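Raw contents of entry.pdb, PDB, C-alpha atoms:
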ATOM      1  CA  MET N   1     -18.307  43.201   7.078
ATOM      2  CA  GLY N   2     -17.747  40.425   9.574
ATOM      3  CA  ASN N   3     -21.370  39.242   9.231
ATOM      4  CA  ALA N   4     -21.103  39.278   5.433
ATOM      5  CA  GLN N   5     -17.924  37.197   5.573
ATOM      6  CA  SER N   6     -19.555  34.748   7.990
ATOM      7  CA  ALA N   7     -22.535  34.377   5.660
ATOM      8  CA  LEU N   8     -20.193  33.745   2.732
ATOM      9  CA  ASN N   9     -18.323  31.104   4.724
ATOM     10  CA  ARG N  10     -21.607  29.373   5.616
ATOM     11  CA  GLN N  11     -22.688  29.397   1.977
ATOM     12  CA  MET N  12     -19.368  27.837   0.878
ATOM     13  CA  ALA N  13     -19.627  25.214   3.600
ATOM     14  CA  ASN N  14     -23.181  24.388   2.492
ATOM     15  CA  ASN N  15     -21.916  23.680  -1.040
ATOM     16  CA  ALA N  16     -19.502  21.061   0.313
ATOM     17  CA  ARG N  17     -21.147  17.671   0.663
ATOM     18  CA  ILE N  18     -20.569  13.953   0.859
ATOM     19  CA  GLU N  19     -22.226  12.503  -2.243
ATOM     20  CA  HIS N  20     -21.787   8.736  -1.888
ATOM     21  CA  THR N  21     -20.449   6.193   0.602
ATOM     22  CA  SER N  22     -19.257   2.768  -0.498
ATOM     23  CA  SER N  23     -21.717  -0.076  -0.021
ATOM     24  CA  GLU N  24     -19.084  -2.006   1.913
ATOM     25  CA  GLY N  25     -15.658  -1.383   3.356
ATOM     26  CA  HIS N  26     -12.221  -2.905   3.623
ATOM     27  CA  GLU N  27     -11.427  -4.985   6.696
ATOM     28  CA  GLY N  28      -9.471  -2.428   8.686
ATOM     29  CA  ASP N  29      -8.376   0.885   7.187
ATOM     30  CA  ALA N  30      -8.904   1.944   3.610
ATOM     31  CA  THR N  31      -5.351   3.168   3.101
ATOM     32  CA  CYS N  32      -5.204   4.638  -0.405
ATOM     33  CA  VAL N  33      -7.277   5.598  -3.444
ATOM     34  CA  ALA N  34      -6.507   6.188  -7.135
ATOM     35  CA  TYR N  35      -8.753   7.061 -10.084
ATOM     36  CA  PHE N  36      -8.413   6.241 -13.768
ATOM     37  CA  ASP N  37     -10.769   6.268 -16.740
ATOM     38  CA  GLY N  38     -14.057   6.128 -14.867
ATOM     39  CA  GLN N  39     -12.965   3.650 -12.209
ATOM     40  CA  LEU N  40     -11.875   4.173  -8.620
ATOM     41  CA  PHE N  41      -9.348   1.868  -6.945
ATOM     42  CA  SER N  42      -9.022   1.533  -3.174
ATOM     43  CA  GLY N  43      -6.337  -0.330  -1.268
ATOM     44  CA  GLY N  44      -6.755  -1.541   2.285
ATOM     45  CA  ALA N  45      -5.213  -3.025   5.380
ATOM     46  CA  ASP N  46      -6.755  -6.329   4.248
ATOM     47  CA  GLY N  47      -4.366  -6.506   1.262
ATOM     48  CA  LYS N  48      -7.230  -6.180  -1.209
ATOM     49  CA  ILE N  49      -7.762  -3.687  -3.997
ATOM     50  CA  ARG N  50     -11.417  -2.910  -4.611
ATOM     51  CA  ILE N  51     -12.639  -1.408  -7.870
ATOM     52  CA  TRP N  52     -15.634   0.949  -7.815
ATOM     53  CA  SER N  53     -17.871   2.855 -10.176
ATOM     54  CA  PRO N  54     -17.836   6.664  -9.874
ATOM     55  CA  GLU N  55     -20.946   6.312  -7.655
ATOM     56  CA  LEU N  56     -19.056   3.799  -5.430
ATOM     57  CA  GLN N  57     -20.845   0.667  -6.542
ATOM     58  CA  LEU N  58     -18.466  -2.257  -6.082
ATOM     59  CA  LEU N  59     -17.312  -3.684  -9.431
ATOM     60  CA  ALA N  60     -14.589  -6.127  -8.361
ATOM     61  CA  THR N  61     -12.311  -7.182  -5.508
ATOM     62  CA  VAL N  62      -8.714  -8.140  -6.312
ATOM     63  CA  ASN N  63      -6.571 -10.172  -3.922
ATOM     64  CA  ALA N  64      -3.508  -8.060  -4.655
ATOM     65  CA  HIS N  65      -1.418  -8.679  -1.502
ATOM     66  CA  GLU N  66      -1.395 -10.886   1.549
ATOM     67  CA  ALA N  67      -0.843  -7.962   3.918
ATOM     68  CA  TYR N  68      -1.461  -4.238   4.545
ATOM     69  CA  ILE N  69      -1.277  -2.069   1.412
ATOM     70  CA  TYR N  70       0.736   1.127   1.977
ATOM     71  CA  CYS N  71       0.090   3.018  -1.232
ATOM     72  CA  MET N  72      -0.807   2.893  -4.918
ATOM     73  CA  ALA N  73       0.182   4.803  -8.063
ATOM     74  CA  ILE N  74      -1.293   4.629 -11.553
ATOM     75  CA  ASN N  75       0.303   5.693 -14.831
ATOM     76  CA  GLN N  76      -1.204   7.156 -17.990
ATOM     77  CA  HIS N  77      -1.890   3.695 -19.423
ATOM     78  CA  GLY N  78      -3.910   2.561 -16.403
ATOM     79  CA  LYS N  79      -1.150   0.353 -15.004
ATOM     80  CA  LEU N  80      -1.838   0.251 -11.264
ATOM     81  CA  TYR N  81       1.093  -0.271  -8.876
ATOM     82  CA  SER N  82       0.595  -1.214  -5.222
ATOM     83  CA  SER N  83       3.030  -1.737  -2.351
ATOM     84  CA  SER N  84       2.532  -3.745   0.811
ATOM     85  CA  CYS N  85       4.173  -4.295   4.169
ATOM     86  CA  ASP N  86       5.136  -7.747   2.880
ATOM     87  CA  GLY N  87       7.914  -5.963   0.938
ATOM     88  CA  GLN N  88       6.324  -6.493  -2.461
ATOM     89  CA  VAL N  89       5.398  -4.043  -5.190
ATOM     90  CA  ARG N  90       2.906  -5.499  -7.629
ATOM     91  CA  PHE N  91       1.049  -4.166 -10.647
ATOM     92  CA  MET N  92      -1.880  -4.949 -12.903
ATOM     93  CA  LEU N  93      -3.261  -3.739 -16.207
ATOM     94  CA  PRO N  94      -6.844  -3.822 -17.444
ATOM     95  CA  PRO N  95      -8.837  -5.991 -17.425
ATOM     96  CA  TYR N  96      -8.080  -5.885 -13.700
ATOM     97  CA  GLY N  97      -8.459  -9.045 -11.623
ATOM     98  CA  ASP N  98      -6.596 -11.643  -9.574
ATOM     99  CA  GLU N  99      -5.069 -13.178 -12.694
ATOM    100  CA  ALA N 100      -3.749  -9.782 -13.860
ATOM    101  CA  VAL N 101      -1.605  -9.180 -10.743
ATOM    102  CA  GLN N 102       2.151  -9.404 -11.405
ATOM    103  CA  GLU N 103       5.148  -8.772  -9.183
ATOM    104  CA  LEU N 104       7.491  -5.877  -9.975
ATOM    105  CA  PHE N 105       9.924  -6.592  -7.140
ATOM    106  CA  ARG N 106      10.184  -7.609  -3.513
ATOM    107  CA  CYS N 107      12.571  -6.317  -0.859
ATOM    108  CA  ASP N 108      13.162  -6.209   2.889
ATOM    109  CA  ASP N 109      12.305  -2.511   3.103
ATOM    110  CA  ALA N 110       8.906  -0.843   3.363
ATOM    111  CA  ILE N 111       7.908   0.987   0.163
ATOM    112  CA  GLN N 112       5.785   3.711   1.734
ATOM    113  CA  ALA N 113       5.548   6.103  -1.217
ATOM    114  CA  MET N 114       5.145   5.782  -4.989
ATOM    115  CA  TYR N 115       4.574   8.268  -7.798
ATOM    116  CA  CYS N 116       4.027   8.013 -11.553
ATOM    117  CA  ASP N 117       5.259  10.720 -13.924
ATOM    118  CA  GLY N 118       4.258   9.599 -17.396
ATOM    119  CA  SER N 119       5.617   6.086 -17.811
ATOM    120  CA  VAL N 120       8.253   6.504 -15.064
ATOM    121  CA  LEU N 121       7.523   5.032 -11.633
ATOM    122  CA  TYR N 122       9.241   6.340  -8.495
ATOM    123  CA  THR N 123       9.342   4.171  -5.363
ATOM    124  CA  GLY N 124      10.594   5.383  -1.972
ATOM    125  CA  ASP N 125      11.409   3.238   1.061
ATOM    126  CA  ASP N 126      11.916   3.595   4.803
ATOM    127  CA  LYS N 127      15.719   3.577   4.370
ATOM    128  CA  GLY N 128      15.688   6.684   2.187
ATOM    129  CA  VAL N 129      16.235   4.990  -1.173
ATOM    130  CA  VAL N 130      14.288   6.256  -4.195
ATOM    131  CA  THR N 131      14.275   3.963  -7.231
ATOM    132  CA  THR N 132      13.123   4.925 -10.720
ATOM    133  CA  TRP N 133      11.540   2.426 -13.106
ATOM    134  CA  SER N 134      10.578   2.544 -16.778
ATOM    135  CA  ASN N 135       8.643  -0.235 -18.521
ATOM    136  CA  ASP N 136       9.015  -2.174 -15.266
ATOM    137  CA  ARG N 137      12.810  -2.149 -15.502
ATOM    138  CA  MET N 138      14.919  -0.439 -12.878
ATOM    139  CA  LEU N 139      16.654   2.724 -14.069
ATOM    140  CA  PHE N 140      18.498   4.192 -11.081
ATOM    141  CA  LYS N 141      18.655   4.071  -7.298
ATOM    142  CA  TYR N 142      19.197   7.258  -5.297
ATOM    143  CA  ASN N 143      20.157   7.023  -1.635
ATOM    144  CA  LEU N 144      18.541  10.140  -0.186
ATOM    145  CA  VAL N 145      19.343   9.022   3.390
ATOM    146  CA  GLU N 146      16.088   9.982   5.132
ATOM    147  CA  GLU N 147      12.981   7.788   5.252
ATOM    148  CA  VAL N 148      10.647   8.586   2.337
ATOM    149  CA  LYS N 149       7.050   9.065   3.486
ATOM    150  CA  SER N 150       5.863  10.966   0.415
ATOM    151  CA  LEU N 151       7.446  11.713  -2.937
ATOM    152  CA  ALA N 152       7.015  13.061  -6.452
ATOM    153  CA  GLY N 153       9.206  13.297  -9.539
ATOM    154  CA  GLU N 154       9.354  15.666 -12.474
ATOM    155  CA  GLN N 155      11.963  16.646 -15.071
ATOM    156  CA  LYS N 156      15.115  15.323 -13.365
ATOM    157  CA  LEU N 157      13.863  16.464  -9.949
ATOM    158  CA  ILE N 158      12.888  14.195  -7.054
ATOM    159  CA  TYR N 159      10.752  15.613  -4.236
ATOM    160  CA  THR N 160      10.834  13.743  -0.908
ATOM    161  CA  VAL N 161       9.672  14.433   2.634
ATOM    162  CA  ARG N 162       9.539  12.812   6.049
ATOM    163  CA  ASP N 163       8.667  14.872   9.148
ATOM    164  CA  LEU N 164      10.870  17.976   9.146
ATOM    165  CA  ASP N 165      11.958  18.984   5.647
ATOM    166  CA  VAL N 166      10.885  18.762   2.035
ATOM    167  CA  VAL N 167      14.026  17.932   0.040
ATOM    168  CA  ILE N 168      14.240  18.621  -3.697
ATOM    169  CA  SER N 169      17.068  16.683  -5.356
ATOM    170  CA  GLN N 170      18.354  17.203  -8.885
ATOM    171  CA  VAL N 171      19.412  14.063 -10.729
ATOM    172  CA  THR N 172      22.849  14.276 -12.342
ATOM    173  CA  GLU N 173      22.541  13.704 -16.082
ATOM    174  CA  GLY N 174      23.983  10.424 -17.292
ATOM    175  CA  LYS N 175      25.373   9.310 -13.930
ATOM    176  CA  SER N 176      23.860   6.350 -12.170
ATOM    177  CA  GLY N 177      22.429   7.274  -8.765
ATOM    178  CA  LYS N 178      24.137  10.683  -8.544
ATOM    179  CA  TYR N 179      22.203  13.727  -7.426
ATOM    180  CA  SER N 180      22.602  17.132  -5.763
ATOM    181  CA  ASN N 181      20.317  18.931  -3.321
ATOM    182  CA  LYS N 182      18.517  21.777  -5.044
ATOM    183  CA  ALA N 183      16.402  22.995  -2.112
ATOM    184  CA  VAL N 184      15.416  22.133   1.462
ATOM    185  CA  ILE N 185      12.161  23.594   2.827
ATOM    186  CA  ALA N 186      10.744  23.185   6.325
ATOM    187  CA  GLY N 187       7.690  20.947   6.166
ATOM    188  CA  LYS N 188       6.387  17.414   6.573
ATOM    189  CA  SER N 189       4.582  14.727   4.614
ATOM    190  CA  PRO N 190       2.526  14.435   2.505
ATOM    191  CA  LEU N 191       3.543  16.553  -0.503
ATOM    192  CA  ARG N 192       1.805  17.137  -3.830
ATOM    193  CA  LEU N 193       2.699  18.741  -7.163
ATOM    194  CA  LEU N 194      -0.298  20.619  -8.558
ATOM    195  CA  GLY N 195      -1.450  23.692 -10.422
ATOM    196  CA  PRO N 196      -1.292  24.621 -14.111
ATOM    197  CA  ILE N 197       1.404  22.899 -16.191
ATOM    198  CA  VAL N 198       3.958  25.339 -17.635
ATOM    199  CA  ASN N 199       6.613  23.878 -19.965
ATOM    200  CA  GLY N 200       6.015  20.429 -18.545
ATOM    201  CA  LYS N 201       6.208  21.468 -14.896
ATOM    202  CA  ARG N 202       3.481  21.829 -12.292
ATOM    203  CA  SER N 203       3.281  25.403 -11.024
ATOM    204  CA  PHE N 204       2.974  24.621  -7.303
ATOM    205  CA  LEU N 205       4.181  22.302  -4.571
ATOM    206  CA  ALA N 206       1.939  21.846  -1.506
ATOM    207  CA  PHE N 207       2.719  20.258   1.863
ATOM    208  CA  PRO N 208       1.948  20.731   5.576
ATOM    209  CA  ASP N 209       4.128  22.881   7.813
ATOM    210  CA  ARG N 210       6.161  21.206  10.561
ATOM    211  CA  SER N 211       3.234  21.327  12.980
ATOM    212  CA  GLY N 212       1.355  19.095  10.552
ATOM    213  CA  MET N 213      -1.781  21.202  10.953
ATOM    214  CA  GLY N 214      -1.020  24.087   8.604
ATOM    215  CA  LEU N 215      -0.652  24.087   4.812
ATOM    216  CA  GLN N 216       2.015  25.705   2.653
ATOM    217  CA  LEU N 217       2.191  26.360  -1.079
ATOM    218  CA  VAL N 218       5.455  27.210  -2.856
ATOM    219  CA  ASN N 219       6.208  28.153  -6.452
ATOM    220  CA  ASN N 220       7.592  25.150  -8.340
ATOM    221  CA  LEU N 221       8.512  26.913 -11.586
ATOM    222  CA  PRO N 222      12.168  27.502 -12.580
ATOM    223  CA  GLN N 223      13.778  30.779 -11.475
ATOM    224  CA  GLN N 224      11.250  31.111  -8.632
ATOM    225  CA  GLN N 225      13.500  29.286  -6.121
ATOM    226  CA  TYR N 226      10.509  27.682  -4.411
ATOM    227  CA  ALA N 227       9.286  31.015  -3.053
ATOM    228  CA  LEU N 228       6.475  30.761  -0.522
ATOM    229  CA  ILE N 229       3.121  31.796  -2.027
ATOM    230  CA  TRP N 230       1.060  31.331   1.139
ATOM    231  CA  HIS N 231       0.968  29.627   4.528
ATOM    232  CA  LEU N 232      -2.279  28.740   6.313
ATOM    233  CA  PRO N 233      -1.291  27.950   9.921
ATOM    234  CA  GLU N 234      -3.520  25.541  11.882
ATOM    235  CA  CYS N 235      -6.114  25.250   9.123
ATOM    236  CA  HIS N 236      -6.751  21.726  10.451
ATOM    237  CA  GLU N 237      -7.310  20.851  14.105
ATOM    238  CA  TRP N 238      -5.159  17.707  13.863
ATOM    239  CA  ILE N 239      -2.334  16.477  11.651
ATOM    240  CA  VAL N 240      -2.899  16.531   7.879
ATOM    241  CA  ASN N 241      -2.509  13.030   6.481
ATOM    242  CA  ALA N 242      -3.629  13.441   2.856
ATOM    243  CA  ILE N 243      -3.282  16.065   0.123
ATOM    244  CA  SER N 244      -4.480  16.031  -3.463
ATOM    245  CA  GLY N 245      -4.882  18.670  -6.115
ATOM    246  CA  ASP N 246      -5.186  19.530  -9.798
ATOM    247  CA  GLU N 247      -4.853  22.634 -11.957
ATOM    248  CA  ALA N 248      -7.336  24.663  -9.915
ATOM    249  CA  PHE N 249      -8.017  23.011  -6.559
ATOM    250  CA  LEU N 250      -6.214  21.743  -3.450
ATOM    251  CA  TYR N 251      -7.779  19.243  -1.043
ATOM    252  CA  SER N 252      -6.488  18.313   2.408
ATOM    253  CA  GLY N 253      -7.642  15.884   5.087
ATOM    254  CA  GLY N 254      -6.366  14.305   8.239
ATOM    255  CA  TYR N 255      -6.905  13.141  11.777
ATOM    256  CA  ASP N 256      -9.563  15.795  12.466
ATOM    257  CA  LYS N 257     -11.842  13.682  10.189
ATOM    258  CA  LYS N 258     -12.363  16.641   7.857
ATOM    259  CA  VAL N 259     -11.544  17.260   4.203
ATOM    260  CA  LYS N 260     -11.158  20.886   3.168
ATOM    261  CA  ALA N 261     -10.878  22.457  -0.283
ATOM    262  CA  TRP N 262      -9.149  25.574  -1.609
ATOM    263  CA  THR N 263      -8.944  27.418  -4.914
ATOM    264  CA  ASP N 264      -7.359  30.646  -6.274
ATOM    265  CA  LEU N 265      -4.122  28.908  -5.340
ATOM    266  CA  GLY N 266      -1.789  31.454  -6.915
ATOM    267  CA  SER N 267      -3.216  34.323  -4.844
ATOM    268  CA  LYS N 268      -1.600  35.599  -1.649
ATOM    269  CA  GLN N 269      -4.450  33.913   0.205
ATOM    270  CA  PRO N 270      -6.356  30.964  -1.311
ATOM    271  CA  LYS N 271     -10.144  30.896  -1.340
ATOM    272  CA  ALA N 272     -11.692  28.336   1.035
ATOM    273  CA  LEU N 273     -14.450  26.192  -0.501
ATOM    274  CA  GLY N 274     -15.699  24.666   2.726
ATOM    275  CA  GLU N 275     -15.236  21.303   4.408
ATOM    276  CA  VAL N 276     -16.898  17.922   4.818
ATOM    277  CA  ASP N 277     -16.912  15.761   7.933
ATOM    278  CA  VAL N 278     -15.887  12.244   6.924
ATOM    279  CA  GLY N 279     -16.559  10.641  10.307
ATOM    280  CA  SER N 280     -13.234   8.803  10.360
ATOM    281  CA  TRP N 281      -9.562   9.612   9.944
ATOM    282  CA  VAL N 282      -8.652  10.573   6.386
ATOM    283  CA  ASN N 283      -5.921   8.333   4.964
ATOM    284  CA  SER N 284      -5.926   9.291   1.285
ATOM    285  CA  ILE N 285      -7.642  11.586  -1.232
ATOM    286  CA  CYS N 286      -7.769  11.420  -5.022
ATOM    287  CA  ILE N 287      -9.596  13.348  -7.725
ATOM    288  CA  GLY N 288     -12.078  11.832 -10.175
ATOM    289  CA  ASP N 289     -14.156  13.360 -12.940
ATOM    290  CA  ASN N 290     -16.362  16.460 -12.694
ATOM    291  CA  ASN N 291     -14.609  17.839  -9.597
ATOM    292  CA  THR N 292     -15.519  14.775  -7.541
ATOM    293  CA  ILE N 293     -13.001  13.700  -4.931
ATOM    294  CA  TYR N 294     -12.694  10.297  -3.273
ATOM    295  CA  ILE N 295     -11.671   9.752   0.339
ATOM    296  CA  ALA N 296     -10.228   6.631   1.994
ATOM    297  CA  GLY N 297     -11.145   6.457   5.690
ATOM    298  CA  SER N 298      -9.843   4.631   8.731
ATOM    299  CA  ASP N 299     -13.243   2.925   9.051
ATOM    300  CA  GLY N 300     -12.556   1.041   5.807
ATOM    301  CA  PHE N 301     -15.144   2.907   3.744
ATOM    302  CA  ILE N 302     -14.718   5.088   0.673
ATOM    303  CA  ARG N 303     -16.632   8.338   0.257
ATOM    304  CA  SER N 304     -17.077  10.767  -2.576
ATOM    305  CA  ALA N 305     -17.450  14.508  -2.039
ATOM    306  CA  LYS N 306     -17.974  17.664  -4.043
ATOM    307  CA  PHE N 307     -17.133  21.238  -3.162
ATOM    308  CA  VAL N 308     -18.175  23.037  -6.376
TER     309      VAL N 308
END

Structure rendered as structure tokens:
Amino acid sequence: MGNAQSALNRQMANNARIEHTSSEGHEGDATCVAYFDGQLFSGGADGKIRIWSPELQLLATVNAHEAYIYCMAINQHGKLYSSSCDGQVRFMLPPYGDEAVQELFRCDDAIQAMYCDGSVLYTGDDKGVVTTWSNDRMLFKYNLVEEVKSLAGEQKLIYTVRDLDVVISQVTEGKSGKYSNKAVIAGKSPLRLLGPIVNGKRSFLAFPDRSGMGLQLVNNLPQQQYALIWHLPECHEWIVNAISGDEAFLYSGGYDKKVKAWTDLGSKQPKALGEVDVGSWVNSICIGDNNTIYIAGSDGFIRSAKFV
């Protein structure tokens, strides 16, 4: 039985592969990636956003910021938001280019996390403030106290995490900036909503455990009280730095220079689909078309991989 399982694991690992590597890299880290409508966007420590074909042929370079880009988020209309250590959040719409870049706001705080839910943008800063935006106008500010390293938002709920706990806050209807804590779960950044959509909500919430090297999946549907579905302790050798996922798959990567994939997420134990060795620290992962994923590495390059 053990030999059969080992053979199965080898077969799954053989299916996992790096498909393409970008023809050139960012100067310094590639910090974040986002995908929309057949184009991949990468942000870097050089303040530039590069636009790539699905096969990672460079299409354009946009001088989006003058400094290190922390993160990006893209909404359903292809509006791409980016935040930088210069305190600015900027955005652009197609056709993308230097002349399309506009400023949303600037502040003295570091916007380290952003998330788009439909047309609503969530921004989170190092002081613990989450701000919601619609049509590029500020809606509400929520002072959640603890530094926001990763966040998501869905149906009056805001999900935030730093290093010890995932906090789920419920927005008070009709009251500016008021909220109540709905749940606190031991874990650390990054977090990701994923899984099948049921009545407008993602089924699962994934995030590392407090060690940073294990993964946890909890039930995100109402009445389930964020019950733990599974915990994979030490499934990475070093801290997990990036998580992405969709209806069927979960991808994780980190400082062990590996990206791993999982499916059968709702089972008591997910099915491993193998791993790829990126050759550099994994800063960000996003999902493209046809089960292709894109990986931003600390060497400045972008890679695509497939597991199925």

**OP:** To one decimal in Å, tell me the separation between atom CA of N:Val276 and atom CA of N:Gly28.
**Re:**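 These atoms are spaced 22.0 Å apart.
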
I would like the residues chosen by the PyMOL selection byres ((chain N and resi 101) around 7) on the shown file; could you give them as a PDB file with C-alpha atoms, keeping the file's coordinate frame?
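Generated file (selection-v4.pdb):
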ATOM      1  CA  ALA N  64      -3.508  -8.060  -4.655  1.00  0.00           C
ATOM      2  CA  ARG N  90       2.906  -5.499  -7.629  1.00  0.00           C
ATOM      3  CA  PHE N  91       1.049  -4.166 -10.647  1.00  0.00           C
ATOM      4  CA  MET N  92      -1.880  -4.949 -12.903  1.00  0.00           C
ATOM      5  CA  GLY N  97      -8.459  -9.045 -11.623  1.00  0.00           C
ATOM      6  CA  ASP N  98      -6.596 -11.643  -9.574  1.00  0.00           C
ATOM      7  CA  GLU N  99      -5.069 -13.178 -12.694  1.00  0.00           C
ATOM      8  CA  ALA N 100      -3.749  -9.782 -13.860  1.00  0.00           C
ATOM      9  CA  GLN N 102       2.151  -9.404 -11.405  1.00  0.00           C
ATOM     10  CA  GLU N 103       5.148  -8.772  -9.183  1.00  0.00           C
TER      11      GLU N 103
END

Subject >> Residue contacts of N:Tyr68 (8 Å, all atoms listed in the file) excluding same-chain residues fewer than 2 positions away, as a count of residues only >> reply: 10

Subject >> Target residues per the PyMOL selection byres ((chain N and resi 52-57) around 12), formatted as an NGL selection string >> reply: :N and (18-25 or 33-43 or 49-51 or 58-62 or 96 or 287-296 or 301-305)

As lines of an AutoDock Vina configuration file: centre and edge lengths in Å, one decimal, of the axis-aligned box holding stretch 106-125 of chain N with 4 Å per side:
center_x = 8.6
center_y = 1.6
center_z = -7.2
size_x = 17.1
size_y = 26.3
size_z = 29.2

Original post:
Written as a PyMOL selection string, what is the full residue list that the PyMOL selection byres ((chain N and resi 298) around 7) yields on the file shown?
Top reply: chain N and resi 29-30+280-283+297+299-300

**OP:** For N:Thr263, work out the shell of residues within 7 Å, counting all atoms listed in the file and skipping chain neighbours fewer than 6 positions away, then give it as a ChimeraX atom specification.
**Re:** /N:248-250,270-272

**OP:** Using only C-alpha atoms, pick whichever of N:Gly212, N:Gly87, N:Gly177, N:Gly118 has the shortest atom-to-atom distance to N:Ile74.
**Re:**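 Checking each candidate against N:Ile74, we get N:Gly118 as the closest.
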
Original post:
Which residues, written as a VMD selection string, have at least one atom at most 8 Å from N:Ser203, with only C-alpha atoms counted and residues fewer than 6 positions away on the same chain left out?
Top reply: chain N and resid 193 to 197 219 to 221

**OP:** Provide the atom CA of N:Val166 to atom CA of N:Cys107 distance in Å, to one decimal place.
**Re:** 25.3 Å

Subject >> Selection near N:Gln170, 12 Å with only C-alpha atoms, sequence-local residues under 4 positions removed, as number ranges by chain >> reply: N: 142, 144, 153-160, 175, 177-184

**OP:** Could you give me, as a PyMOL selection string, the residues within 9 Å of N:Leu104, counting all atoms listed in the file and dropping anything in the same chain fewer than 4 positions from it?
**Re:** chain N and resi 81+88-91+136-137

Original post:
What is the atom CA of N:Phe140 to atom CA of N:Asn75 distance in Å?
Top reply: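 Atom CA of N:Asn75 lies 18.6 Å from atom CA of N:Phe140.
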